[in-house]
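Step one of this worksheet: look at the structure below.
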Amino acid sequence: MSIPPPVIILGAPVHPVTFEGFLDAVAAFIDEGTSHQICTANPEFVMTAQRMPEFMRVLQEADLVLPDGVGLLWAARRMGHPLPERVTGSDGIYLLAERAAREGWRMFLLGAMPGVAEKTAAILEARYPGLKVVGTYPGSPRDEDYPEIARRIRAARPDILLVAYGAPNQDLWIARHKDDLGVPVSIGVGGAFDFVAGVQKRAPRLLIRLNLEWLWRLVTQPWRWRRQLDLPRFVWRVLTTEHWMS
Ligand code: UDP
């Protein structure tokens with residue numbers, strides 16, 4: 001299995017894969033057995049990485065960076081390297097669970113508010129018979145919580161670790177600990193558990209189709225407005241960067 005070379009958007013790599021390519025990469029990473037990191041990127045990731053070299057490095061060293069935000073598809077198309085589709089953590093979690101049930105992959109759900117990962121596990125296990133969620137735990141990305149998290153993950157021996165601590169903390173956390181934990185695939189999934197458990201309502205399909213999911217999140221989670229300022233900043237940077245390159 002070879003992952004196509006990434007499109008570089010303002011210095012950050014984004015891989016031109018489909019949902020199917022994502023699942024095949026997970027299978028290959030599990031076969032390899034060593035630890036791998038997958039990021040679910042959007043324009044906010046790319047802008048955070050401009051300000052935080054450590055986060056840029058995590059994206060550059062990740063084994064797979066998925067195009068989770070529609071702004072990345074727009075930017076890649078403008079650059080003449082279109083990405084095939086939006087591969088979101090929120091839809092990907094269902095497809096991953098379905099494939100995991102078939103393949104016997106063991107999943108561990110780390111993060112979100114207490115009870116949310118457990119509810120997510122119950123919903124996925126009911127929907128995909130045979131799915132093995134071998135552990136859930138809220139914990140936190142703080143260093144003092146790491147020993148307990150590591151103990152639980154080692155005891156559960158998952159193939160896949162989903163981490164919901166929000167970006168960039170979840171991705172920095174995975175980069176810091178993945179080799180110590182030795183889980184074949186770790187994925188930062190942001191608010192995906194909140195969506196599965198129904199704590200947050202995903203945008204209606206029509207809005208997603210109209211590429212307006214970001215607007216839905218701004219209206220339903222207005223406290224995100226400050227970080228969502230990164231969206232117009234991203235658009236501006238893509239437009240002007242292209243301008244001075246040409
Ligand atoms: N979260 C957590 N611990 C923290 C910070 C965040 O468990 O210290 C969880 C939060 O409950 C939510 C997820 O991380 O489930 C972040 O979701 P968000 O939609 O903000 O993700 P992002 O858009 O940042 O990727």
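Ordering of the structure tokens sets the chain letters (A, B, ...), residue numbers begin anew at 1 in every chain, and ligands are numbered from 1 in the order given.
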TODO: List all protein, DNA and RNA residues that have at least one atom no more than 9 Å from any atom of ligand 1, counting only C-alpha atoms and all ligand atoms, and write them as a VMD selection string.
DONE: chain A and resid 40 to 42 44 to 45 110 to 114 116 to 117 138 to 142 163 to 170 188 to 195 199 to 200 217 221 224
Open item on the list: I'd like the neighbourhood of range 52-66 of chain A as a PyMOL selection string, where a residue qualifies if any of its atoms comes within 9 Å (using only C-alpha atoms), though same-chain residues fewer than 4 positions away should be ignored.
Closed with: chain A and resi 3+6+11-18+22+25+36-42+45-48+86-89+168+171-172+175
Requested write-out: N, CA and C atoms of the selected residues, as an mmCIF file, in the first residue's frame:
data_model
loop_
_atom_site.group_PDB
_atom_site.id
_atom_site.type_symbol
_atom_site.label_atom_id
_atom_site.label_comp_id
_atom_site.auth_asym_id
_atom_site.auth_seq_id
_atom_site.Cartn_x
_atom_site.Cartn_y
_atom_site.Cartn_z
ATOM 1 N N ILE A 3 0.864 5.422 -0.033
ATOM 2 C CA ILE A 3 0.053 6.622 0.119
ATOM 3 C C ILE A 3 0.583 7.645 -0.878
ATOM 4 N N PRO A 6 1.892 13.997 -0.571
ATOM 5 C CA PRO A 6 0.953 15.022 -0.111
ATOM 6 C C PRO A 6 0.963 16.280 -0.964
ATOM 7 N N GLY A 11 2.829 25.064 3.685
ATOM 8 C CA GLY A 11 3.855 24.318 4.416
ATOM 9 C C GLY A 11 3.364 23.023 5.052
ATOM 10 N N ALA A 12 2.052 22.838 5.113
ATOM 11 C CA ALA A 12 1.514 21.636 5.774
ATOM 12 C C ALA A 12 1.132 20.577 4.739
ATOM 13 N N PRO A 13 1.536 19.323 4.956
ATOM 14 C CA PRO A 13 1.173 18.269 4.004
ATOM 15 C C PRO A 13 -0.272 17.809 4.211
ATOM 16 N N VAL A 14 -0.952 17.546 3.097
ATOM 17 C CA VAL A 14 -2.303 16.968 3.159
ATOM 18 C C VAL A 14 -2.344 15.881 2.093
ATOM 19 N N HIS A 15 -2.729 14.667 2.481
ATOM 20 C CA HIS A 15 -2.664 13.551 1.530
ATOM 21 C C HIS A 15 -3.937 13.439 0.690
ATOM 22 N N PRO A 16 -3.756 13.252 -0.632
ATOM 23 C CA PRO A 16 -4.915 13.146 -1.516
ATOM 24 C C PRO A 16 -5.517 11.750 -1.479
ATOM 25 N N VAL A 17 -6.196 11.428 -0.384
ATOM 26 C CA VAL A 17 -6.801 10.090 -0.257
ATOM 27 C C VAL A 17 -8.315 10.210 -0.127
ATOM 28 N N THR A 18 -8.991 9.092 -0.431
ATOM 29 C CA THR A 18 -10.435 8.981 -0.230
ATOM 30 C C THR A 18 -10.660 8.256 1.106
ATOM 31 N N PHE A 22 -8.010 5.875 3.097
ATOM 32 C CA PHE A 22 -7.765 6.028 4.534
ATOM 33 C C PHE A 22 -7.872 4.662 5.233
ATOM 34 N N ALA A 25 -5.024 2.444 4.358
ATOM 35 C CA ALA A 25 -3.797 2.854 5.049
ATOM 36 C C ALA A 25 -3.812 2.331 6.495
ATOM 37 N N HIS A 36 1.899 4.480 14.264
ATOM 38 C CA HIS A 36 1.634 5.440 13.188
ATOM 39 C C HIS A 36 0.675 6.507 13.697
ATOM 40 N N GLN A 37 0.790 7.704 13.112
ATOM 41 C CA GLN A 37 -0.082 8.809 13.506
ATOM 42 C C GLN A 37 -0.868 9.327 12.313
ATOM 43 N N ILE A 38 -2.180 9.513 12.528
ATOM 44 C CA ILE A 38 -3.044 10.091 11.497
ATOM 45 C C ILE A 38 -3.668 11.367 12.052
ATOM 46 N N CYS A 39 -3.636 12.456 11.255
ATOM 47 C CA CYS A 39 -4.255 13.723 11.656
ATOM 48 C C CYS A 39 -5.455 14.006 10.755
ATOM 49 N N THR A 40 -6.498 14.615 11.317
ATOM 50 C CA THR A 40 -7.675 14.998 10.531
ATOM 51 C C THR A 40 -7.648 16.526 10.411
ATOM 52 N N ALA A 41 -7.030 17.003 9.334
ATOM 53 C CA ALA A 41 -6.685 18.433 9.248
ATOM 54 C C ALA A 41 -7.763 19.288 8.596
ATOM 55 N N ASN A 42 -7.770 20.542 8.988
ATOM 56 C CA ASN A 42 -8.628 21.544 8.349
ATOM 57 C C ASN A 42 -7.842 22.862 8.313
ATOM 58 N N PHE A 45 -6.035 23.915 11.431
ATOM 59 C CA PHE A 45 -4.771 23.201 11.685
ATOM 60 C C PHE A 45 -3.621 23.924 10.995
ATOM 61 N N VAL A 46 -3.855 24.241 9.713
ATOM 62 C CA VAL A 46 -2.776 24.829 8.910
ATOM 63 C C VAL A 46 -2.378 26.188 9.483
ATOM 64 N N MET A 47 -3.380 26.967 9.935
ATOM 65 C CA MET A 47 -3.057 28.287 10.487
ATOM 66 C C MET A 47 -2.392 28.160 11.856
ATOM 67 N N THR A 48 -2.836 27.214 12.664
ATOM 68 C CA THR A 48 -2.176 26.995 13.960
ATOM 69 C C THR A 48 -0.719 26.611 13.729
ATOM 70 N N ARG A 86 -13.425 15.112 0.723
ATOM 71 C CA ARG A 86 -13.250 15.489 2.116
ATOM 72 C C ARG A 86 -13.327 14.214 2.949
ATOM 73 N N VAL A 87 -12.297 13.942 3.730
ATOM 74 C CA VAL A 87 -12.269 12.721 4.547
ATOM 75 C C VAL A 87 -12.320 13.156 6.012
ATOM 76 N N THR A 88 -13.526 13.133 6.573
ATOM 77 C CA THR A 88 -13.716 13.699 7.912
ATOM 78 C C THR A 88 -13.596 12.639 8.998
ATOM 79 N N GLY A 89 -13.114 13.059 10.154
ATOM 80 C CA GLY A 89 -13.089 12.168 11.306
ATOM 81 C C GLY A 89 -14.502 11.796 11.741
ATOM 82 N N PRO A 168 -4.715 21.692 18.772
ATOM 83 C CA PRO A 168 -3.632 20.785 18.393
ATOM 84 C C PRO A 168 -3.216 19.811 19.512
ATOM 85 N N ASP A 171 -3.061 16.018 18.828
ATOM 86 C CA ASP A 171 -2.033 15.610 17.865
ATOM 87 C C ASP A 171 -0.628 15.716 18.476
ATOM 88 N N LEU A 172 -0.432 16.766 19.282
ATOM 89 C CA LEU A 172 0.850 16.897 19.997
ATOM 90 C C LEU A 172 0.993 15.743 20.989
ATOM 91 N N ALA A 175 1.903 12.540 19.137
ATOM 92 C CA ALA A 175 3.309 12.567 18.697
ATOM 93 C C ALA A 175 4.252 12.298 19.869
#
Open item on the list: Could you list, as a list in words, every residue within 10 Å of Ala27 in chain A, counting only C-alpha atoms and ignoring same-chain residues fewer than 6 positions away?
Closed with: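 The residues satisfying every condition are Met1, Gly21, Gly33, Arg99, Ala100, Glu103, Trp105, Asp159, Pro184 and Val185 of chain A.
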Output for the residues just chosen: N, CA, C and O atoms as a CSV table (one decimal), in the first residue's frame:
chain,number,residue,atom,x,y,z
A,1,MET,N,0.9,-1.2,0.0
A,1,MET,CA,0.0,0.0,0.0
A,1,MET,C,0.9,1.2,0.0
A,1,MET,O,1.7,1.4,0.9
A,21,GLY,N,-9.1,4.9,0.7
A,21,GLY,CA,-7.7,5.0,0.9
A,21,GLY,C,-7.2,5.1,2.3
A,21,GLY,O,-6.3,4.5,2.8
A,33,GLY,N,2.6,-2.9,12.2
A,33,GLY,CA,2.7,-3.1,13.6
A,33,GLY,C,3.4,-2.1,14.4
A,33,GLY,O,3.1,-1.9,15.6
A,99,ARG,N,-15.3,-1.3,9.5
A,99,ARG,CA,-14.2,-2.1,9.0
A,99,ARG,C,-13.5,-2.9,10.1
A,99,ARG,O,-13.1,-4.0,10.0
A,100,ALA,N,-13.4,-2.2,11.3
A,100,ALA,CA,-12.8,-2.8,12.5
A,100,ALA,C,-13.6,-4.0,12.9
A,100,ALA,O,-13.0,-5.1,13.3
A,103,GLU,N,-12.7,-6.8,10.5
A,103,GLU,CA,-11.3,-7.3,10.5
A,103,GLU,C,-10.9,-7.7,11.9
A,103,GLU,O,-9.8,-8.3,12.0
A,105,TRP,N,-10.2,-5.6,14.4
A,105,TRP,CA,-9.3,-4.6,15.0
A,105,TRP,C,-9.9,-4.1,16.3
A,105,TRP,O,-11.1,-3.9,16.4
A,159,ASP,N,-5.5,-2.0,18.6
A,159,ASP,CA,-4.9,-1.7,17.3
A,159,ASP,C,-5.0,-0.3,16.9
A,159,ASP,O,-4.2,0.2,16.1
A,184,PRO,N,-0.5,0.5,17.0
A,184,PRO,CA,-0.2,0.7,15.5
A,184,PRO,C,-0.8,2.0,14.9
A,184,PRO,O,-0.1,2.6,14.1
A,185,VAL,N,-2.0,2.4,15.3
A,185,VAL,CA,-2.6,3.5,14.6
A,185,VAL,C,-3.2,4.4,15.7
A,185,VAL,O,-4.1,4.0,16.4
- [ ] Please indicate the distance in Å from CA of Pro43 in chain A to CA of Leu72 in chain A, rounded to one decimal place.
- [x]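 It comes out at 6.2 Å.
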TODO: Using CA of Thr220 in chain A and CA of Val70 in chain A as the two end points, give the distance in Å to one decimal.
DONE: 18.3 Å
- [ ] If you run DSSP over the backbone, which residues in range 54-212 of chain A end up helix (DSSP H, G or I)? Put them as number ranges by chain.
- [x] A: 54-61, 70-78, 89-103, 116-127, 143-156, 169-181, 192-197, 205-209
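Straight-line separation from CA of Asp91 in chain A to CA of Asn211 in chain A: 15.0 Å.
The closest residue to Arg152 in chain A, picked from A:Ala97, A:Val134, A:Val238, A:Met79 and counting only C-alpha atoms, is A:Val134.
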- [ ] Would you return as a PyMOL selection string the members of range 21-173 of chain A that DSSP assigns to strand (DSSP E) on this structure's backbone?
- [x] chain A and resi 36-41+64-67+106-111+132-137+160-164
Open item on the list: Using only C-alpha atoms for the distances, tell me which of A:Leu10, A:Thr240, A:Leu96, A:Thr136 is nearest to Arg51 in chain A.
Closed with: A:Leu10
TODO: May I have the residues within 8 Å of Val196 in chain A as a list in words, using only C-alpha atoms and disregarding those fewer than 6 positions away in the same chain?
DONE: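 The contact residues come out as Ser90, Thr120 and Ile123 of chain A.
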